[in-house]
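What follows is the content of upload_17.cif (mmCIF, C-alpha atoms).
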```
data_work
#
loop_
_atom_site.label_atom_id
_atom_site.label_comp_id
_atom_site.auth_asym_id
_atom_site.auth_seq_id
_atom_site.Cartn_x
_atom_site.Cartn_y
_atom_site.Cartn_z
CA MET G 240 59.46 -119.13 -41.10
CA ALA G 241 56.67 -118.50 -38.59
CA LYS G 242 56.64 -114.83 -39.55
CA GLU G 243 56.46 -115.69 -43.24
CA ARG G 244 53.53 -118.03 -42.67
CA ARG G 245 51.69 -115.38 -40.70
CA ARG G 246 52.40 -112.84 -43.45
CA ALA G 247 51.04 -115.33 -46.00
CA VAL G 248 47.79 -115.67 -43.99
CA LEU G 249 47.54 -111.87 -43.65
CA GLU G 250 47.90 -111.54 -47.43
CA LEU G 251 44.99 -113.94 -47.91
CA LEU G 252 42.79 -111.41 -46.07
CA GLN G 253 43.17 -109.06 -49.06
CA ARG G 254 41.58 -111.53 -51.48
CA PRO G 255 38.04 -110.76 -52.71
CA GLY G 256 35.50 -112.17 -50.26
CA ASN G 257 38.01 -112.40 -47.38
CA THR G 258 37.83 -108.71 -46.44
CA ARG G 259 34.58 -109.29 -44.55
CA CYS G 260 33.52 -111.93 -42.01
CA ALA G 261 32.22 -115.03 -43.83
CA ASP G 262 29.24 -115.26 -41.46
CA CYS G 263 28.04 -111.76 -40.52
CA GLY G 264 29.79 -109.48 -43.03
CA ALA G 265 31.67 -107.45 -40.40
CA PRO G 266 34.64 -105.64 -41.98
CA ASP G 267 38.29 -106.62 -41.36
CA PRO G 268 37.98 -110.13 -39.92
CA ASP G 269 41.12 -111.20 -38.07
CA TRP G 270 40.17 -114.70 -37.01
CA ALA G 271 39.92 -117.82 -39.11
CA SER G 272 38.46 -121.32 -38.97
CA TYR G 273 41.34 -123.43 -40.23
CA THR G 274 39.12 -126.50 -40.60
CA LEU G 275 36.45 -124.74 -42.70
CA GLY G 276 38.84 -122.38 -44.49
CA VAL G 277 36.96 -119.14 -43.68
CA PHE G 278 37.97 -115.76 -42.26
CA ILE G 279 35.66 -114.53 -39.50
CA CYS G 280 35.31 -111.73 -36.96
CA LEU G 281 36.06 -112.04 -33.23
CA SER G 282 32.35 -112.25 -32.36
CA CYS G 283 31.63 -115.11 -34.80
CA SER G 284 34.85 -116.89 -33.77
CA GLY G 285 33.30 -117.29 -30.30
CA ILE G 286 30.33 -119.12 -31.87
CA HIS G 287 32.67 -121.32 -33.94
CA ARG G 288 34.46 -122.32 -30.70
CA ASN G 289 31.17 -123.82 -29.52
CA ILE G 290 31.16 -126.31 -32.42
CA PRO G 291 34.72 -127.70 -32.08
CA GLN G 292 33.82 -130.92 -33.90
CA ILE G 293 33.23 -128.80 -37.04
CA SER G 294 35.35 -125.70 -36.63
CA LYS G 295 38.72 -124.92 -35.06
CA VAL G 296 39.72 -121.24 -34.87
CA LYS G 297 42.92 -119.22 -34.72
CA SER G 298 43.83 -115.57 -34.60
CA VAL G 299 45.32 -114.47 -37.92
CA ARG G 300 47.70 -112.08 -36.15
CA LEU G 301 48.50 -113.69 -32.80
CA ASP G 302 48.58 -117.47 -33.29
CA ALA G 303 51.20 -119.66 -34.94
CA TRP G 304 50.31 -121.20 -38.31
CA ASP G 305 51.82 -124.32 -39.86
CA GLU G 306 52.39 -124.81 -43.57
CA ALA G 307 49.44 -127.19 -44.12
CA GLN G 308 47.01 -124.77 -42.45
CA VAL G 309 48.22 -121.84 -44.58
CA GLU G 310 47.81 -123.94 -47.73
CA PHE G 311 44.33 -125.03 -46.65
CA MET G 312 43.26 -121.38 -46.14
CA ALA G 313 44.80 -120.43 -49.51
CA SER G 314 42.89 -123.16 -51.37
CA HIS G 315 39.58 -122.32 -49.65
CA GLY G 316 38.51 -118.86 -48.36
CA ASN G 317 35.17 -117.13 -47.92
CA GLU G 318 34.02 -117.20 -51.55
CA ALA G 319 34.60 -120.96 -51.86
CA ALA G 320 32.82 -121.59 -48.55
CA ARG G 321 29.83 -119.51 -49.68
CA VAL G 322 29.51 -121.59 -52.85
CA THR G 323 29.54 -124.79 -50.77
CA PHE G 324 27.72 -123.95 -47.54
CA GLU G 325 25.22 -121.34 -48.85
CA SER G 326 24.37 -122.96 -52.18
CA LYS G 327 20.67 -123.46 -51.36
CA VAL G 328 19.70 -120.69 -48.93
CA PRO G 329 15.98 -119.92 -49.49
CA SER G 330 15.27 -116.32 -50.54
CA PHE G 331 13.17 -115.74 -47.43
CA TYR G 332 15.77 -117.09 -44.95
CA TYR G 333 17.11 -114.30 -42.75
CA ARG G 334 20.86 -113.79 -43.23
CA PRO G 335 22.06 -111.99 -40.11
CA THR G 336 24.57 -109.13 -40.08
CA PHE G 337 27.01 -108.05 -37.36
CA SER G 338 24.34 -105.77 -35.87
CA ASP G 339 21.93 -108.68 -35.23
CA CYS G 340 21.52 -110.50 -31.92
CA GLN G 341 23.78 -113.39 -30.89
CA LEU G 342 21.00 -115.96 -31.35
CA LEU G 343 20.42 -115.18 -35.05
CA ARG G 344 24.15 -115.27 -35.80
CA GLU G 345 24.68 -118.50 -33.86
CA GLN G 346 21.81 -120.34 -35.55
CA TRP G 347 22.94 -119.13 -39.00
CA ILE G 348 26.45 -120.50 -38.34
CA ARG G 349 25.11 -123.81 -36.98
CA ALA G 350 22.63 -124.12 -39.88
CA LYS G 351 25.43 -123.58 -42.42
CA TYR G 352 28.28 -125.69 -41.10
CA GLU G 353 26.92 -128.04 -38.43
CA ARG G 354 23.50 -128.98 -39.82
CA GLN G 355 24.36 -128.19 -43.49
CA GLU G 356 20.81 -126.99 -44.11
CA PHE G 357 21.80 -125.10 -47.26
CA ILE G 358 23.49 -128.11 -48.85
CA ILE G 359 20.67 -130.56 -48.05
CA PRO G 360 17.31 -128.82 -48.72
CA GLU G 361 15.27 -131.58 -46.96
CA LYS G 362 16.66 -130.16 -43.70
CA GLN G 363 14.75 -126.91 -44.39
CA GLU G 364 11.40 -128.62 -43.76
CA PRO G 365 10.80 -126.93 -40.34
CA TYR G 366 10.50 -123.48 -41.92
CA SER G 367 9.59 -124.13 -45.55
CA ALA G 368 6.72 -126.62 -45.30
CA GLY G 369 4.01 -123.93 -45.15
CA TYR G 370 2.65 -125.32 -41.87
CA ARG G 371 4.13 -125.37 -38.39
CA GLU G 372 2.76 -126.00 -34.94
CA GLY G 373 4.26 -126.20 -31.49
CA PHE G 374 4.38 -124.74 -28.01
CA LEU G 375 5.96 -121.36 -27.21
CA TRP G 376 6.20 -119.38 -23.98
CA LYS G 377 3.94 -116.33 -24.34
CA ARG G 378 3.83 -113.35 -22.02
CA GLY G 379 0.43 -112.78 -20.43
CA ARG G 380 -1.06 -109.44 -21.40
CA ASP G 381 -2.18 -108.43 -17.91
CA ASN G 382 0.07 -110.19 -15.42
CA GLY G 383 3.34 -110.39 -17.35
CA GLN G 384 3.76 -114.13 -16.66
CA PHE G 385 5.04 -116.38 -19.44
CA LEU G 386 2.77 -119.37 -20.07
CA SER G 387 3.08 -122.22 -22.54
CA ARG G 388 0.71 -121.75 -25.48
CA LYS G 389 0.07 -123.76 -28.63
CA PHE G 390 0.85 -121.85 -31.84
CA VAL G 391 -0.16 -122.86 -35.37
CA LEU G 392 1.14 -121.21 -38.53
CA THR G 393 -0.79 -122.08 -41.67
CA GLU G 394 0.05 -120.51 -45.02
CA ARG G 395 -3.14 -121.95 -46.52
CA GLU G 396 -5.22 -119.84 -44.13
CA GLY G 397 -2.70 -116.98 -44.23
CA ALA G 398 -2.56 -116.83 -40.44
CA LEU G 399 -0.64 -117.45 -37.23
CA LYS G 400 -2.96 -118.59 -34.44
CA TYR G 401 -2.51 -119.39 -30.77
CA PHE G 402 -4.69 -121.29 -28.34
CA ASN G 403 -5.07 -120.74 -24.59
CA ARG G 404 -5.78 -124.43 -23.94
CA ASN G 405 -4.50 -127.55 -25.70
CA ASP G 406 -8.03 -128.81 -26.29
CA ALA G 407 -9.47 -125.42 -27.30
CA LYS G 408 -11.43 -125.55 -30.54
CA GLU G 409 -11.21 -121.81 -31.19
CA PRO G 410 -7.96 -119.85 -31.20
CA LYS G 411 -7.47 -117.00 -28.74
CA ALA G 412 -6.10 -114.86 -31.57
CA VAL G 413 -5.77 -115.07 -35.35
CA MET G 414 -2.95 -112.96 -36.75
CA LYS G 415 -3.12 -112.35 -40.49
CA ILE G 416 0.20 -112.95 -42.28
CA GLU G 417 -0.56 -109.87 -44.38
CA HIS G 418 0.00 -107.50 -41.41
CA LEU G 419 2.39 -109.55 -39.31
CA ASN G 420 5.93 -108.62 -38.27
CA ALA G 421 8.46 -110.45 -36.11
CA THR G 422 11.66 -109.04 -34.62
CA PHE G 423 14.05 -110.43 -32.00
CA GLN G 424 14.05 -108.34 -28.81
CA PRO G 425 16.17 -110.24 -26.25
CA ALA G 426 16.98 -107.25 -24.01
CA LYS G 427 13.40 -105.94 -23.89
CA ILE G 428 11.83 -109.36 -23.27
CA GLY G 429 14.55 -110.43 -20.83
CA HIS G 430 15.34 -113.72 -22.61
CA PRO G 431 18.10 -114.34 -25.21
CA HIS G 432 15.51 -116.03 -27.49
CA GLY G 433 12.81 -113.37 -27.07
CA LEU G 434 10.74 -112.59 -30.19
CA GLN G 435 8.25 -109.73 -30.52
CA VAL G 436 5.40 -110.38 -32.93
CA THR G 437 3.14 -107.53 -33.99
CA TYR G 438 -0.05 -107.60 -36.01
CA LEU G 439 -2.96 -105.30 -36.72
CA LYS G 440 -6.11 -105.75 -34.67
CA ASP G 441 -8.95 -103.37 -35.61
CA ASN G 442 -6.27 -101.26 -37.34
CA SER G 443 -4.25 -100.84 -34.14
CA THR G 444 -0.90 -102.51 -33.55
CA ARG G 445 -0.99 -105.41 -31.06
CA ASN G 446 2.23 -106.85 -29.57
CA ILE G 447 2.83 -110.35 -28.31
CA PHE G 448 6.10 -111.50 -26.73
CA ILE G 449 7.23 -115.10 -27.06
CA TYR G 450 10.29 -117.32 -26.68
CA HIS G 451 11.38 -120.96 -26.84
CA GLU G 452 14.13 -122.46 -24.66
CA ASP G 453 15.71 -123.98 -27.79
CA GLY G 454 17.43 -121.41 -30.01
CA LYS G 455 16.95 -123.46 -33.19
CA GLU G 456 13.20 -123.74 -32.55
CA ILE G 457 12.54 -120.01 -32.21
CA VAL G 458 14.73 -119.14 -35.24
CA ASP G 459 12.85 -121.80 -37.24
CA TRP G 460 9.58 -120.11 -36.20
CA PHE G 461 10.99 -116.74 -37.26
CA ASN G 462 12.02 -118.06 -40.68
CA ALA G 463 8.70 -119.92 -41.09
CA LEU G 464 6.90 -116.58 -40.54
CA ARG G 465 9.18 -114.94 -43.12
CA ALA G 466 8.46 -117.79 -45.57
CA ALA G 467 4.71 -117.32 -45.08
CA ARG G 468 5.04 -113.57 -45.67
CA PHE G 469 7.18 -114.23 -48.76
CA HIS G 470 4.61 -116.56 -50.31
CA TYR G 471 1.76 -114.18 -49.44
CA LEU G 472 3.59 -111.25 -51.09
CA GLN G 473 4.44 -113.33 -54.19
CA VAL G 474 0.70 -113.77 -54.75
CA ALA G 475 -0.16 -110.17 -53.82
CA PHE G 476 2.55 -108.70 -56.11
CA PRO G 477 2.93 -111.20 -58.96
CA GLY G 478 5.33 -109.00 -60.97
CA ALA G 479 7.73 -108.31 -58.09
CA SER G 480 11.20 -109.87 -57.96
CA ASP G 481 12.54 -111.72 -54.90
CA ALA G 482 14.90 -108.78 -54.31
CA ASP G 483 11.85 -106.45 -54.08
CA LEU G 484 9.99 -108.72 -51.66
CA VAL G 485 12.73 -109.88 -49.26
CA PRO G 486 13.12 -106.49 -47.47
CA LYS G 487 9.35 -106.56 -46.74
CA LEU G 488 9.35 -109.93 -44.90
CA SER G 489 10.23 -108.60 -41.47
CA ARG G 490 11.32 -105.25 -40.06
CA ASN G 491 13.58 -104.27 -37.21
CA TYR G 492 12.47 -101.05 -35.54
CA LEU G 493 14.18 -97.85 -36.67
CA LYS G 494 14.51 -96.73 -33.05
CA GLU G 495 13.07 -97.43 -29.59
CA GLY G 496 13.44 -95.71 -26.25
CA TYR G 497 11.95 -93.33 -23.69
CA MET G 498 10.88 -89.77 -24.47
CA GLU G 499 8.44 -87.40 -22.79
CA LYS G 500 5.34 -86.23 -24.67
CA THR G 501 2.49 -83.80 -24.13
CA GLY G 502 -1.08 -83.82 -25.45
CA PRO G 503 -2.60 -82.02 -28.46
CA LYS G 504 -3.41 -78.81 -26.54
CA GLN G 505 0.15 -78.73 -25.17
CA THR G 506 -1.20 -77.42 -21.88
CA GLU G 507 -1.04 -80.63 -19.83
CA GLY G 508 2.30 -81.79 -18.40
CA PHE G 509 4.77 -83.96 -20.26
CA ARG G 510 4.66 -87.69 -19.51
CA LYS G 511 7.43 -90.24 -19.95
CA ARG G 512 6.50 -92.93 -22.47
CA TRP G 513 8.24 -95.77 -24.32
CA PHE G 514 8.37 -95.01 -28.06
CA THR G 515 8.79 -97.42 -30.98
CA MET G 516 9.43 -96.17 -34.51
CA ASP G 517 8.14 -98.87 -36.85
CA ASP G 518 8.48 -97.68 -40.42
CA ARG G 519 6.11 -94.66 -40.56
CA ARG G 520 4.26 -95.48 -37.34
CA LEU G 521 5.55 -93.82 -34.17
CA MET G 522 3.86 -95.71 -31.32
CA TYR G 523 4.00 -94.92 -27.63
CA PHE G 524 3.44 -97.20 -24.66
CA LYS G 525 3.32 -96.75 -20.90
CA ASP G 526 5.56 -99.82 -20.58
CA PRO G 527 7.84 -101.36 -23.26
CA LEU G 528 5.99 -104.71 -22.91
CA ASP G 529 2.43 -103.39 -23.23
CA ALA G 530 0.15 -105.29 -25.61
CA PHE G 531 -1.34 -102.17 -27.19
CA ALA G 532 0.08 -98.72 -27.89
CA ARG G 533 -1.45 -95.77 -26.00
CA GLY G 534 -1.32 -93.88 -29.27
CA GLU G 535 0.23 -93.82 -32.72
CA VAL G 536 1.52 -90.96 -34.84
CA PHE G 537 1.85 -91.31 -38.62
CA ILE G 538 4.98 -89.65 -40.02
CA GLY G 539 4.71 -88.84 -43.71
CA SER G 540 7.19 -87.24 -46.09
CA LYS G 541 8.30 -83.63 -46.48
CA GLU G 542 6.37 -83.43 -49.78
CA SER G 543 3.21 -84.08 -47.75
CA GLY G 544 3.94 -81.35 -45.20
CA TYR G 545 5.87 -83.20 -42.47
CA THR G 546 8.96 -81.65 -40.85
CA VAL G 547 11.23 -82.48 -37.92
CA LEU G 548 12.67 -79.62 -35.87
CA GLU G 549 15.10 -79.60 -32.98
CA GLY G 550 13.77 -77.74 -29.94
CA LEU G 551 10.28 -76.79 -28.73
CA PRO G 552 8.07 -73.70 -29.29
CA PRO G 553 9.28 -70.88 -26.95
CA SER G 554 6.23 -70.92 -24.66
CA THR G 555 6.40 -74.68 -23.89
CA GLN G 556 6.28 -75.61 -20.20
CA GLY G 557 5.97 -78.70 -18.02
CA HIS G 558 8.77 -80.85 -19.42
CA HIS G 559 11.47 -82.41 -17.21
CA TRP G 560 13.92 -83.41 -19.94
CA PRO G 561 15.76 -80.57 -21.69
CA HIS G 562 16.29 -81.78 -25.28
CA GLY G 563 13.17 -81.07 -27.35
CA ILE G 564 11.92 -82.28 -30.72
CA THR G 565 8.95 -80.87 -32.65
CA ILE G 566 7.29 -82.90 -35.40
CA VAL G 567 5.12 -80.74 -37.63
CA THR G 568 2.34 -82.59 -39.48
CA PRO G 569 -0.34 -81.10 -41.76
CA ASP G 570 -2.79 -81.20 -38.82
CA ARG G 571 -0.81 -80.33 -35.69
CA LYS G 572 2.54 -80.23 -33.91
CA PHE G 573 3.78 -83.09 -31.75
CA LEU G 574 6.22 -82.16 -28.96
CA PHE G 575 8.72 -84.58 -27.42
CA THR G 576 11.69 -84.27 -25.08
CA CYS G 577 14.75 -86.49 -24.64
CA GLU G 578 16.93 -87.01 -21.59
CA THR G 579 20.27 -86.56 -23.41
CA GLU G 580 21.54 -84.71 -26.46
CA LEU G 581 22.69 -88.05 -27.95
CA ASP G 582 19.15 -89.44 -27.60
CA ARG G 583 17.73 -86.42 -29.36
CA ARG G 584 20.28 -86.71 -32.18
CA GLU G 585 19.38 -90.39 -32.74
CA TRP G 586 15.62 -89.71 -32.72
CA VAL G 587 15.93 -86.73 -35.07
CA GLU G 588 18.04 -88.84 -37.43
CA ALA G 589 15.43 -91.65 -37.39
CA PHE G 590 12.55 -89.20 -38.00
CA GLN G 591 14.48 -87.36 -40.71
CA LYS G 592 15.13 -90.60 -42.63
CA VAL G 593 11.40 -91.29 -42.76
CA VAL G 594 10.46 -87.70 -43.68
CA ASP G 595 13.07 -87.64 -46.48
CA ARG G 596 11.66 -90.81 -48.05
CA PRO G 597 8.83 -90.20 -50.57
CA MET G 598 5.53 -91.85 -49.64
CA LEU G 599 4.34 -94.97 -51.46
CA PRO G 600 0.76 -95.04 -52.84
CA GLN G 601 -0.40 -97.49 -50.14
CA GLU G 602 1.03 -95.22 -47.41
CA TYR G 603 -1.42 -92.45 -48.34
CA ALA G 604 -4.25 -94.83 -47.39
CA VAL G 605 -2.58 -95.45 -44.00
CA GLU G 606 -2.19 -91.69 -43.51
CA ALA G 607 -5.89 -91.13 -44.29
CA HIS G 608 -6.83 -93.78 -41.74
CA PHE G 609 -4.77 -92.02 -39.05
CA LYS G 610 -6.48 -88.69 -39.79
CA HIS G 611 -9.86 -90.26 -39.11
CA LYS G 612 -8.80 -91.92 -35.88
CA PRO G 613 -10.85 -90.71 -32.92
#
```

I need this file expressed as structure tokens, please.
Amino acid sequence: MAKERRRAVLELLQRPGNTRCADCGAPDPDWASYTLGVFICLSCSGIHRNIPQISKVKSVRLDAWDEAQVEFMASHGNEAARVTFESKVPSFYYRPTFSDCQLLREQWIRAKYERQEFIIPEKQEPYSAGYREGFLWKRGRDNGQFLSRKFVLTEREGALKYFNRNDAKEPKAVMKIEHLNATFQPAKIGHPHGLQVTYLKDNSTRNIFIYHEDGKEIVDWFNALRAARFHYLQVAFPGASDADLVPKLSRNYLKEGYMEKTGPKQTEGFRKRWFTMDDRRLMYFKDPLDAFARGEVFIGSKESGYTVLEGLPPSTQGHHWPHGITIVTPDRKFLFTCETELDRREWVEAFQKVVDRPMLPQEYAVEAHFKHKP
């Protein structure tokens, strides 16, 4: 009997919607919440265990199942749960995947089942009201210390602002929603709730690093920023559909890591720098947590004369790392080296993706700006 029940649960995994984790979309889930009626992956099952008053989990393959539990799973499943628990997810709300950090996945699961934010829209107030203020820990630009700072997000002004003192009349910085990006960077920032916010200041990218002790708070900030970007883009591109706009709300970086680089004359030695590939901007920093990039390289498309080559010109000297990459642009060659062959492969793949993608009209304006940079 026990074997038959387990076989019955395994068969349910083949139903449409049950072949992927109900929460992060990972393929081949082999855990289940037998109180919510969903099939989930091992990673999400760990998060479900932390909300035992809502969700009780079992392994599909290893645990014993009783008749009532099998019937419950059969009459529910991932599709039914989606209809119930995700019925009112705002377009701008970030739906995490299995490659996202633990915090985003945990808050998505808690928002769905514990707080039922997508059944009761009034609970979405913290990120959909168009205004938000509160205190966040912000990393000091020069000393690296995290200090509590007041942040205000106002869609009406199209800006995120922060203040160095509670009673300050003027903000220390005003970040325009138009050029703002936010991406979770727990490892880099050294805090599981670490968020990197970038914006353009005098046409250069400026980084700030923030976190909040409460996971819900920082994810609400993240989704409030996405909501503000969504509403800004709806006005800027009135004909665009939600599906066109949602991918533009926030970007994860294509790749980050250390490489060595040399200067334009290629006569000075190679220096180790931290590189961030953000869409078509390749930025380099002395330290991963620097506020400003030391330099930025625009990477266009092959139609515009950009190519990526493995290796370095034969006469190149002064590099410590053996695995070279040459990026050819219409104006000059950029030389980089990687510590390992795997690193080089990943960087070349990231560059190639960008070069293979045709340029958008607005990207030509960005390219022109880079050409006139001092």

Q: Can you give me, as a ChimeraX atom specification, the residues this file yields under the PyMOL selection byres ((chain G and resi 455) around 10)?
A: /G:342-343,345-347,349-350,432,451-454,456-461

Q: Enumerate, as an MDAnalysis selection string, the residues matched when the PyMOL selection byres ((chain G and resi 312-323) around 12) is run on the file above.
A: chainID G and resid 244:245 247:264 268 270:279 296:297 299 304:311 324:328 348 351:352 355:359

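CA of Glu495 (chain G) is found 11.0 Å from CA of Gln424 (chain G).
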
**Q.** For Gln473 (chain G): contacts at 12 Å, all atoms listed in the file, fewer than 5 positions along chain excluded, given as a count of residues only
**A.** 16

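Candidate residues G:Arg395, G:Lys400, G:Lys525, G:Lys295 were compared for distance to Gly373 (chain G), and the nearest is G:Lys400, using all atoms listed in the file.
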
Q: To one decimal in Å, tell me the separation between CA of Asn446 (chain G) and CA of Ala530 (chain G).
A: 4.7 Å

Q | Distance criterion (only C-alpha atoms): nearest to Asp441 (chain G) out of G:Arg404, G:Arg246, G:Lys500, G:His608 | A | G:His608

(Q) Need the shell around Tyr370 (chain G): protein/DNA/RNA residues with any atom at most 9 Å away, counting only C-alpha atoms. Skip same-chain ones fewer than 6 positions apart. Format as a list in words? (A)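 Contacts, in chain order: Val391, Leu392, Thr393, Glu394, Arg395, Ala463 and Ala467 of chain G.
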
Q. Given the choices G:Cys340, G:Ala532, G:Ile290, G:Leu493, which gets closest to Phe423 (chain G) if the distance is worked out from only C-alpha atoms?
A.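 Answer, going by the shortest atom-to-atom distance: G:Cys340.
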
**Q.** Residue among G:Asp517, G:Phe448, G:Ile566, G:Leu464 lying closest to Gly383 (chain G), counting all atoms listed in the file
**A.**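 Among G:Asp517, G:Phe448, G:Ile566, G:Leu464, it is G:Phe448 that comes nearest to Gly383 (chain G).
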
Q: Counting all atoms listed in the file, find the residues whose atoms lie at most 7 Å from (1.8, -118.5, -24.5) (file coordinates) and write them out as a ChimeraX atom specification.
A: /G:375-378,385-389,449

Output of the above residues as an mmCIF file, in the coordinates of the input, restricted to C-alpha atoms:
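Output contents, as saved in selection22.cif:
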```cif
data_model
loop_
_atom_site.group_PDB
_atom_site.id
_atom_site.type_symbol
_atom_site.label_atom_id
_atom_site.label_comp_id
_atom_site.auth_asym_id
_atom_site.auth_seq_id
_atom_site.Cartn_x
_atom_site.Cartn_y
_atom_site.Cartn_z
ATOM 1 C CA LEU G 375 5.960 -121.360 -27.210
ATOM 2 C CA TRP G 376 6.200 -119.380 -23.980
ATOM 3 C CA LYS G 377 3.940 -116.330 -24.340
ATOM 4 C CA ARG G 378 3.830 -113.350 -22.020
ATOM 5 C CA PHE G 385 5.040 -116.380 -19.440
ATOM 6 C CA LEU G 386 2.770 -119.370 -20.070
ATOM 7 C CA SER G 387 3.080 -122.220 -22.540
ATOM 8 C CA ARG G 388 0.710 -121.750 -25.480
ATOM 9 C CA LYS G 389 0.070 -123.760 -28.630
ATOM 10 C CA ILE G 449 7.230 -115.100 -27.060
#
```

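In this comparison, which uses all atoms listed in the file, the residue of G:Ile564, G:Met414, G:Ala421, G:Cys577 approaching Phe590 (chain G) most closely is G:Ile564.
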
Q.
Please determine, counting all atoms listed in the file, which residue among G:Asp269, G:Glu535, G:Glu578, G:Glu507 has the shortest atom-to-atom distance to Glu606 (chain G).
A. G:Glu535

Q | the PyMOL selection byres ((chain G and resi 503) around 10) applied to the shown file, residues as a list of chain:residue names | A |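 So the PyMOL selection byres ((chain G and resi 503) around 10), applied here, picks out G:Lys500, G:Thr501, G:Gly502, G:Lys504, G:Gln505, G:Thr506, G:Glu507, G:Arg571, G:Lys572, G:Phe573, G:Leu574.
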
Q.
Using all atoms listed in the file - which residues lie no farther than 8 Å from the point (2.7, -97.6, -24.9) in the file's frame? Write them as a PyMOL selection string.
A. chain G and resi 512-514+522-527+529+531-534

(Q) Quick check, in Å to one decimal: how far apart do CA of Pro569 (chain G) and CA of Arg520 (chain G) lie? (A) 15.7 Å
